[in-house]
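File shown: model_30.cif (mmCIF, C-alpha atoms).
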data_run
loop_
_atom_site.group_PDB
_atom_site.id
_atom_site.type_symbol
_atom_site.label_atom_id
_atom_site.label_comp_id
_atom_site.auth_asym_id
_atom_site.auth_seq_id
_atom_site.Cartn_x
_atom_site.Cartn_y
_atom_site.Cartn_z
ATOM 1 C CA MET A 7 99.229 -8.705 75.277
ATOM 2 C CA ALA A 8 102.690 -10.077 75.031
ATOM 3 C CA ALA A 9 105.212 -7.986 73.227
ATOM 4 C CA HIS A 10 107.323 -9.634 70.596
ATOM 5 C CA VAL A 11 110.998 -8.801 70.745
ATOM 6 C CA ALA A 12 113.208 -9.726 67.840
ATOM 7 C CA THR A 13 116.328 -11.477 69.064
ATOM 8 C CA TYR A 14 119.560 -12.352 67.398
ATOM 9 C CA PHE A 15 118.191 -15.748 66.397
ATOM 10 C CA ASP A 16 114.995 -14.239 64.925
ATOM 11 C CA SER A 17 116.924 -11.938 62.637
ATOM 12 C CA GLY A 18 117.998 -14.860 60.434
ATOM 13 C CA ARG A 19 114.438 -15.685 59.466
ATOM 14 C CA SER A 20 112.635 -13.989 56.627
ATOM 15 C CA SER A 21 110.357 -11.079 57.382
ATOM 16 C CA GLY A 22 107.344 -12.940 55.989
ATOM 17 C CA ARG A 23 107.914 -15.815 58.388
ATOM 18 C CA ARG A 24 108.253 -13.495 61.344
ATOM 19 C CA ILE A 25 105.022 -11.684 60.404
ATOM 20 C CA GLU A 26 103.178 -15.010 60.180
ATOM 21 C CA GLU A 27 104.415 -16.060 63.616
ATOM 22 C CA LEU A 28 103.422 -12.698 65.089
ATOM 23 C CA ASN A 29 99.962 -12.914 63.517
ATOM 24 C CA SER A 30 99.403 -16.442 64.804
ATOM 25 C CA ARG A 31 100.485 -15.451 68.313
ATOM 26 C CA LEU A 32 98.175 -12.406 68.279
ATOM 27 C CA PHE A 33 95.314 -14.510 66.947
ATOM 28 C CA ALA A 34 95.784 -17.102 69.683
ATOM 29 C CA GLU A 35 95.858 -14.435 72.373
ATOM 30 C CA GLN A 36 92.718 -12.756 71.029
ATOM 31 C CA GLN A 37 90.860 -16.095 70.966
ATOM 32 C CA ARG A 38 91.843 -16.813 74.525
ATOM 33 C CA LEU A 39 90.528 -13.418 75.657
ATOM 34 C CA ARG A 40 87.206 -13.786 73.838
ATOM 35 C CA ARG A 41 84.307 -15.975 74.910
ATOM 36 C CA GLY A 42 83.187 -17.117 71.529
ATOM 37 C CA ALA A 43 85.158 -18.412 68.608
ATOM 38 C CA THR A 44 85.617 -15.688 66.056
ATOM 39 C CA LEU A 45 87.598 -16.104 62.919
ATOM 40 C CA GLU A 46 90.064 -13.330 62.301
ATOM 41 C CA VAL A 47 92.420 -13.247 59.398
ATOM 42 C CA PHE A 48 95.454 -11.046 59.006
ATOM 43 C CA PHE A 49 96.799 -10.431 55.515
ATOM 44 C CA PRO A 50 100.221 -8.920 55.201
ATOM 45 C CA LYS A 51 100.470 -6.104 52.667
ATOM 46 C CA ARG A 52 103.706 -5.342 50.988
ATOM 47 C CA ILE A 53 103.503 -1.815 49.525
ATOM 48 C CA ASP A 54 106.494 -0.274 47.827
ATOM 49 C CA ASN A 55 106.108 3.514 47.478
ATOM 50 C CA SER A 56 109.718 4.211 46.597
ATOM 51 C CA ARG A 57 108.941 4.800 42.921
ATOM 52 C CA LEU A 58 106.096 7.230 43.572
ATOM 53 C CA VAL A 59 106.683 10.923 42.896
ATOM 54 C CA LYS A 60 104.469 13.551 44.492
ATOM 55 C CA ALA A 61 103.001 15.944 41.939
ATOM 56 C CA PRO A 62 103.345 19.602 42.930
ATOM 57 C CA ASP A 63 100.095 21.294 43.923
ATOM 58 C CA THR A 64 100.387 24.667 42.187
ATOM 59 C CA GLY A 65 97.241 26.055 43.801
ATOM 60 C CA ARG A 66 98.496 25.275 47.293
ATOM 61 C CA ILE A 67 101.933 26.714 46.487
ATOM 62 C CA ARG A 68 100.323 29.940 45.250
ATOM 63 C CA GLU A 69 98.165 30.154 48.395
ATOM 64 C CA MET A 70 101.217 29.675 50.610
ATOM 65 C CA ARG A 71 103.149 32.382 48.766
ATOM 66 C CA ILE A 72 100.228 34.825 49.095
ATOM 67 C CA PHE A 73 99.892 33.964 52.782
ATOM 68 C CA THR A 74 103.637 34.427 53.345
ATOM 69 C CA ALA A 75 103.586 37.786 51.554
ATOM 70 C CA ALA A 76 100.567 38.950 53.584
ATOM 71 C CA VAL A 77 102.171 37.923 56.886
ATOM 72 C CA THR A 78 105.429 39.619 55.872
ATOM 73 C CA VAL A 79 103.620 42.874 55.054
ATOM 74 C CA LEU A 80 101.658 42.696 58.303
ATOM 75 C CA LEU A 81 104.760 42.086 60.414
ATOM 76 C CA THR A 82 106.602 44.882 58.596
ATOM 77 C CA LEU A 83 103.776 47.305 59.372
ATOM 78 C CA ILE A 84 103.762 46.224 63.010
ATOM 79 C CA MET A 85 107.530 46.698 63.255
ATOM 80 C CA VAL A 86 107.343 50.180 61.675
ATOM 81 C CA TYR A 87 104.548 51.157 64.071
ATOM 82 C CA GLY A 88 106.554 49.848 67.025
ATOM 83 C CA LEU A 89 109.652 51.732 65.880
ATOM 84 C CA GLN A 90 107.712 54.990 65.596
ATOM 85 C CA HIS A 91 105.995 54.425 68.930
ATOM 86 C CA PHE A 92 109.207 53.789 70.826
ATOM 87 C CA SER A 93 110.956 56.651 69.027
ATOM 88 C CA ALA A 94 108.165 58.990 70.147
ATOM 89 C CA ILE A 95 108.527 57.776 73.729
ATOM 90 C CA GLU A 96 112.285 58.270 73.591
ATOM 91 C CA MET A 97 111.820 61.792 72.164
ATOM 92 C CA GLY A 98 109.457 62.577 75.035
ATOM 93 C CA TYR A 99 112.091 61.526 77.554
ATOM 94 C CA ASN A 100 114.701 63.614 75.720
ATOM 95 C CA VAL A 101 112.421 66.673 75.760
ATOM 96 C CA GLU A 102 111.828 66.273 79.490
ATOM 97 C CA SER A 103 115.539 65.935 80.213
ATOM 98 C CA LYS A 104 116.270 69.034 78.090
ATOM 99 C CA LYS A 105 113.576 70.958 79.988
ATOM 100 C CA GLN A 106 115.179 69.982 83.293
ATOM 101 C CA GLN A 107 118.600 70.924 81.962
ATOM 102 C CA LEU A 108 117.258 74.308 80.772
ATOM 103 C CA GLU A 109 115.665 74.929 84.162
ATOM 104 C CA SER A 110 118.921 74.104 85.977
ATOM 105 C CA LEU A 111 120.872 76.401 83.611
ATOM 106 C CA ARG A 112 118.383 79.208 84.258
ATOM 107 C CA GLU A 113 118.814 78.739 87.992
ATOM 108 C CA GLN A 114 122.602 78.729 87.592
ATOM 109 C CA ASN A 115 122.384 81.901 85.466
ATOM 110 C CA ARG A 116 120.273 83.578 88.148
ATOM 111 C CA GLN A 117 122.815 82.610 90.811
ATOM 112 C CA LEU A 118 125.665 83.969 88.676
ATOM 113 C CA LYS A 119 123.834 87.278 88.111
ATOM 114 C CA LEU A 120 123.270 87.611 91.853
ATOM 115 C CA SER A 121 126.930 86.960 92.612
ATOM 116 C CA GLU A 122 127.964 89.380 89.838
ATOM 117 C CA ALA A 123 125.727 92.053 91.335
ATOM 118 C CA GLN A 124 127.282 91.477 94.753
ATOM 119 C CA LEU A 125 130.827 91.505 93.418
ATOM 120 C CA THR A 126 130.393 94.670 91.319
ATOM 121 C CA GLN A 127 129.024 96.915 94.084
ATOM 122 C CA PRO A 128 131.071 100.143 93.974
ATOM 123 C CA ARG A 129 131.145 100.472 97.753
ATOM 124 C CA ARG A 130 132.610 96.945 98.128
ATOM 125 C CA ILE A 131 135.226 97.533 95.407
ATOM 126 C CA ASP A 132 136.236 100.872 96.976
ATOM 127 C CA GLN A 133 136.572 99.262 100.407
ATOM 128 C CA MET A 134 138.755 96.423 99.049
ATOM 129 C CA ALA A 135 140.929 98.886 97.099
ATOM 130 C CA ARG A 136 141.553 100.957 100.253
ATOM 131 C CA GLN A 137 142.464 97.778 102.165
ATOM 132 C CA MET A 138 145.084 97.007 99.500
ATOM 133 C CA GLY A 139 146.525 100.505 99.775
ATOM 134 C CA LEU A 140 145.169 101.954 96.542
ATOM 135 C CA VAL A 141 144.093 105.601 96.294
ATOM 136 C CA GLU A 142 141.799 107.525 93.986
ATOM 137 C CA LEU A 143 143.022 108.655 90.577
ATOM 138 C CA GLN A 144 144.499 112.113 90.193
ATOM 139 C CA PRO A 145 143.521 114.120 87.103
ATOM 140 C CA ASN A 146 147.020 114.053 85.603
ATOM 141 C CA GLN A 147 147.366 110.241 85.919
ATOM 142 C CA VAL A 148 145.094 109.494 82.970
ATOM 143 C CA VAL A 149 146.649 109.837 79.533
ATOM 144 C CA ARG A 150 144.449 109.198 76.580
ATOM 145 C CA VAL A 151 145.995 107.715 73.445
ATOM 146 C CA THR A 152 143.645 109.608 71.152
ATOM 147 C CA ASP A 153 144.868 112.935 72.564
ATOM 148 C CA ARG A 154 148.498 112.032 71.708
ATOM 149 C CA VAL A 155 147.679 111.012 68.116
ATOM 150 C CA THR A 156 145.924 114.308 67.320
ATOM 151 C CA ASP A 157 148.888 116.315 68.672
ATOM 152 C CA HIS A 158 151.283 114.961 66.023
ATOM 153 C CA ALA A 159 151.191 116.512 62.585
ATOM 154 C CA ASP A 160 151.912 113.268 60.783
ATOM 155 C CA SER A 161 149.289 110.848 62.071
ATOM 156 C CA ALA A 162 150.167 108.211 59.450
ATOM 157 C CA ALA A 163 153.677 107.760 60.881
ATOM 158 C CA PRO A 164 154.123 104.918 63.371
ATOM 159 C CA ALA A 165 153.874 106.001 66.988
ATOM 160 C CA LEU A 166 156.665 105.004 69.326
ATOM 161 C CA ALA A 167 156.241 104.434 73.000
ATOM 162 C CA GLN A 168 157.733 107.319 75.005
ATOM 163 C CA VAL A 169 157.946 108.108 78.646
ATOM 164 C CA SER A 170 156.883 111.598 79.535
ATOM 165 C CA PRO A 171 158.432 113.237 82.612
ATOM 166 C CA ASN A 172 155.112 113.844 84.388
ATOM 167 C CA ALA A 173 153.945 110.215 83.786
ATOM 168 C CA ALA A 174 157.209 108.804 85.228
ATOM 169 C CA SER A 175 156.869 110.645 88.531
ATOM 170 C CA PRO A 176 154.972 108.804 91.236
ATOM 171 C CA ALA A 177 151.649 110.056 92.453
ATOM 172 C CA PRO A 178 151.822 112.525 95.370
ATOM 173 C CA GLY A 179 149.788 110.266 97.673
ATOM 174 C CA ARG A 180 152.185 107.334 97.528
#
With the file now loaded, output its structure as C-alpha coordinates.
Amino acid sequence: MAAHVATYFDSGRSSGRRIEELNSRLFAEQQRLRRGATLEVFFPKRIDNSRLVKAPDTGRIREMRIFTAAVTVLLTLIMVYGLQHFSAIEMGYNVESKKQQLESLREQNRQLKLSEAQLTQPRRIDQMARQMGLVELQPNQVVRVTDRVTDHADSAAPALAQVSPNAASPAPGR
(Lines of atoms letter the chains of each structure in order from A and count residues from 1; the text may use other names and numbers.)
(Lines give C-alpha, C1' and ligand atoms only; values in the text may rest on other atoms or scores of the structure.)
Protein backbone atom coordinates (compact mmCIF):
# COMPACT_ATOMS: atom_id res chain seq x y z
CA MET A 1 0.00 0.00 0.00
CA ALA A 2 1.42 3.31 -0.97
CA ALA A 3 1.32 6.02 1.61
CA HIS A 4 -0.01 9.38 0.59
CA VAL A 5 2.04 12.32 1.75
CA ALA A 6 0.58 15.79 1.50
CA THR A 7 3.06 18.15 -0.10
CA TYR A 8 3.19 21.87 -0.39
CA PHE A 9 1.36 21.73 -3.72
CA ASP A 10 -1.39 19.47 -2.32
CA SER A 11 -2.20 21.87 0.48
CA GLY A 12 -3.79 24.34 -1.96
CA ARG A 13 -6.48 21.89 -2.97
CA SER A 14 -9.69 21.46 -1.05
CA SER A 15 -9.96 18.67 1.48
CA GLY A 16 -12.83 17.06 -0.44
CA ARG A 17 -10.71 16.84 -3.58
CA ARG A 18 -7.81 15.32 -1.71
CA ILE A 19 -10.10 12.71 -0.10
CA GLU A 20 -11.50 11.78 -3.52
CA GLU A 21 -8.01 11.33 -4.95
CA LEU A 22 -6.97 9.21 -1.97
CA ASN A 23 -10.08 7.05 -2.28
CA SER A 24 -9.55 6.51 -6.00
CA ARG A 25 -5.90 5.56 -5.45
CA LEU A 26 -6.85 3.11 -2.68
CA PHE A 27 -9.61 1.65 -4.83
CA ALA A 28 -7.24 1.13 -7.75
CA GLU A 29 -4.67 -0.55 -5.53
CA GLN A 30 -7.27 -2.86 -3.98
CA GLN A 31 -8.54 -3.88 -7.44
CA ARG A 32 -5.04 -4.66 -8.59
CA LEU A 33 -4.45 -6.89 -5.55
CA ARG A 34 -7.72 -8.79 -5.96
CA ARG A 35 -8.45 -11.45 -8.56
CA GLY A 36 -12.01 -10.57 -9.28
CA ALA A 37 -13.63 -7.25 -9.92
CA THR A 38 -15.37 -6.05 -6.80
CA LEU A 39 -17.10 -2.75 -6.54
CA GLU A 40 -16.16 -0.78 -3.48
CA VAL A 41 -17.46 2.65 -2.72
CA PHE A 42 -16.08 5.09 -0.20
CA PHE A 43 -18.35 7.85 1.07
CA PRO A 44 -16.77 10.69 2.93
CA LYS A 45 -18.59 11.69 6.11
CA ARG A 46 -18.34 15.16 7.44
CA ILE A 47 -19.40 15.13 11.11
CA ASP A 48 -19.23 18.28 13.17
CA ASN A 49 -19.41 17.51 16.91
CA SER A 50 -18.29 20.92 18.09
CA ARG A 51 -21.79 21.96 19.15
CA LEU A 52 -22.47 18.81 21.16
CA VAL A 53 -22.45 19.05 24.95
CA LYS A 54 -21.98 15.94 27.08
CA ALA A 55 -24.72 15.55 29.68
CA PRO A 56 -23.39 14.77 33.16
CA ASP A 57 -24.04 11.22 34.35
CA THR A 58 -25.10 11.78 37.96
CA GLY A 59 -25.19 8.07 38.77
CA ARG A 60 -21.62 7.57 37.60
CA ILE A 61 -20.46 10.68 39.47
CA ARG A 62 -22.07 9.38 42.68
CA GLU A 63 -20.44 5.96 42.20
CA MET A 64 -17.04 7.57 41.69
CA ARG A 65 -17.42 9.69 44.82
CA ILE A 66 -18.41 6.63 46.89
CA PHE A 67 -15.48 4.68 45.45
CA THR A 68 -13.07 7.55 46.18
CA ALA A 69 -14.36 7.84 49.75
CA ALA A 70 -14.04 4.07 50.30
CA VAL A 71 -10.48 4.00 48.94
CA THR A 72 -9.57 7.01 51.08
CA VAL A 73 -10.92 5.34 54.23
CA LEU A 74 -9.13 2.09 53.37
CA LEU A 75 -5.80 3.82 52.75
CA THR A 76 -6.20 5.84 55.96
CA LEU A 77 -6.76 2.65 57.95
CA ILE A 78 -3.73 1.03 56.33
CA MET A 79 -1.58 4.07 57.13
CA VAL A 80 -2.75 4.12 60.78
CA TYR A 81 -2.02 0.39 61.10
CA GLY A 82 1.42 0.88 59.56
CA LEU A 83 2.16 3.80 61.89
CA GLN A 84 1.20 1.75 64.95
CA HIS A 85 3.16 -1.26 63.72
CA PHE A 86 6.35 0.67 63.12
CA SER A 87 5.93 2.58 66.38
CA ALA A 88 5.67 -0.73 68.24
CA ILE A 89 8.83 -1.98 66.53
CA GLU A 90 10.65 1.24 67.41
CA MET A 91 9.48 0.97 71.04
CA GLY A 92 10.82 -2.59 71.15
CA TYR A 93 14.23 -1.39 69.99
CA ASN A 94 14.14 1.41 72.58
CA VAL A 95 13.28 -1.06 75.36
CA GLU A 96 16.15 -3.33 74.34
CA SER A 97 18.62 -0.44 74.26
CA LYS A 98 17.42 0.72 77.70
CA LYS A 99 17.85 -2.82 79.04
CA GLN A 100 21.41 -2.91 77.74
CA GLN A 101 22.07 0.53 79.20
CA LEU A 102 20.65 -0.59 82.58
CA GLU A 103 22.81 -3.71 82.52
CA SER A 104 25.95 -1.67 81.75
CA LEU A 105 25.09 0.79 84.56
CA ARG A 106 24.62 -2.12 86.98
CA GLU A 107 28.01 -3.49 85.99
CA GLN A 108 29.58 -0.05 86.42
CA ASN A 109 27.90 0.29 89.84
CA ARG A 110 29.28 -3.10 90.87
CA GLN A 111 32.77 -2.06 89.77
CA LEU A 112 32.48 1.20 91.71
CA LYS A 113 31.35 -0.62 94.87
CA LEU A 114 34.30 -2.99 94.57
CA SER A 115 36.75 -0.11 94.18
CA GLU A 116 35.09 1.74 97.08
CA ALA A 117 35.47 -1.34 99.26
CA GLN A 118 39.14 -1.59 98.33
CA LEU A 119 39.79 2.10 98.91
CA THR A 120 38.02 2.25 102.29
CA GLN A 121 39.89 -0.64 103.95
CA PRO A 122 41.10 0.65 107.34
CA ARG A 123 44.41 -1.19 107.10
CA ARG A 124 45.18 0.45 103.72
CA ILE A 125 44.21 3.93 104.96
CA ASP A 126 46.34 3.50 108.11
CA GLN A 127 49.33 2.37 106.04
CA MET A 128 49.03 5.36 103.67
CA ALA A 129 48.66 7.78 106.60
CA ARG A 130 51.85 6.44 108.22
CA GLN A 131 53.69 6.80 104.89
CA MET A 132 52.66 10.47 104.79
CA GLY A 133 53.91 11.01 108.33
CA LEU A 134 50.57 11.19 110.12
CA VAL A 135 50.11 9.81 113.63
CA GLU A 136 47.13 8.66 115.65
CA LEU A 137 44.91 11.19 117.40
CA GLN A 138 45.61 12.08 121.01
CA PRO A 139 42.63 12.43 123.35
CA ASN A 140 43.10 16.18 123.86
CA GLN A 141 43.23 16.93 120.10
CA VAL A 142 39.49 16.54 119.59
CA VAL A 143 37.35 19.50 120.60
CA ARG A 144 33.65 19.16 120.20
CA VAL A 145 31.61 22.25 119.37
CA THR A 146 28.61 21.05 121.35
CA ASP A 147 30.72 20.88 124.53
CA ARG A 148 31.74 24.55 124.13
CA VAL A 149 28.15 25.77 123.59
CA THR A 150 26.85 24.12 126.78
CA ASP A 151 29.68 25.68 128.84
CA HIS A 152 28.50 29.25 128.14
CA ALA A 153 25.63 30.60 130.18
CA ASP A 154 24.17 32.62 127.34
CA SER A 155 23.76 30.13 124.50
CA ALA A 156 21.73 32.59 122.39
CA ALA A 157 24.70 34.97 122.08
CA PRO A 158 26.83 34.60 118.95
CA ALA A 159 29.90 32.44 119.44
CA LEU A 160 33.24 33.85 118.38
CA ALA A 161 36.13 31.79 117.22
CA GLN A 162 38.85 31.62 119.90
CA VAL A 163 42.15 29.90 120.14
CA SER A 164 42.66 27.99 123.33
CA PRO A 165 46.22 27.56 124.63
CA ASN A 166 46.12 23.74 124.63
CA ALA A 167 44.72 23.62 121.04
CA ALA A 168 47.49 25.94 119.75
CA SER A 169 50.31 23.74 121.03
CA PRO A 170 51.52 21.09 118.62
CA ALA A 171 50.99 17.44 119.34
CA PRO A 172 53.79 15.77 121.34
CA GLY A 173 54.56 13.26 118.57
CA ARG A 174 55.40 15.86 115.95
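Note that CA of Gly22 in chain A and CA of Val47 in chain A are 15.3 Å apart.
The coordinates place CA of Arg150 in chain A at 26.5 Å from CA of Met134 in chain A.
For the pair CA of Pro50 in chain A and CA of Asn29 in chain A, the interatomic distance is 9.2 Å.
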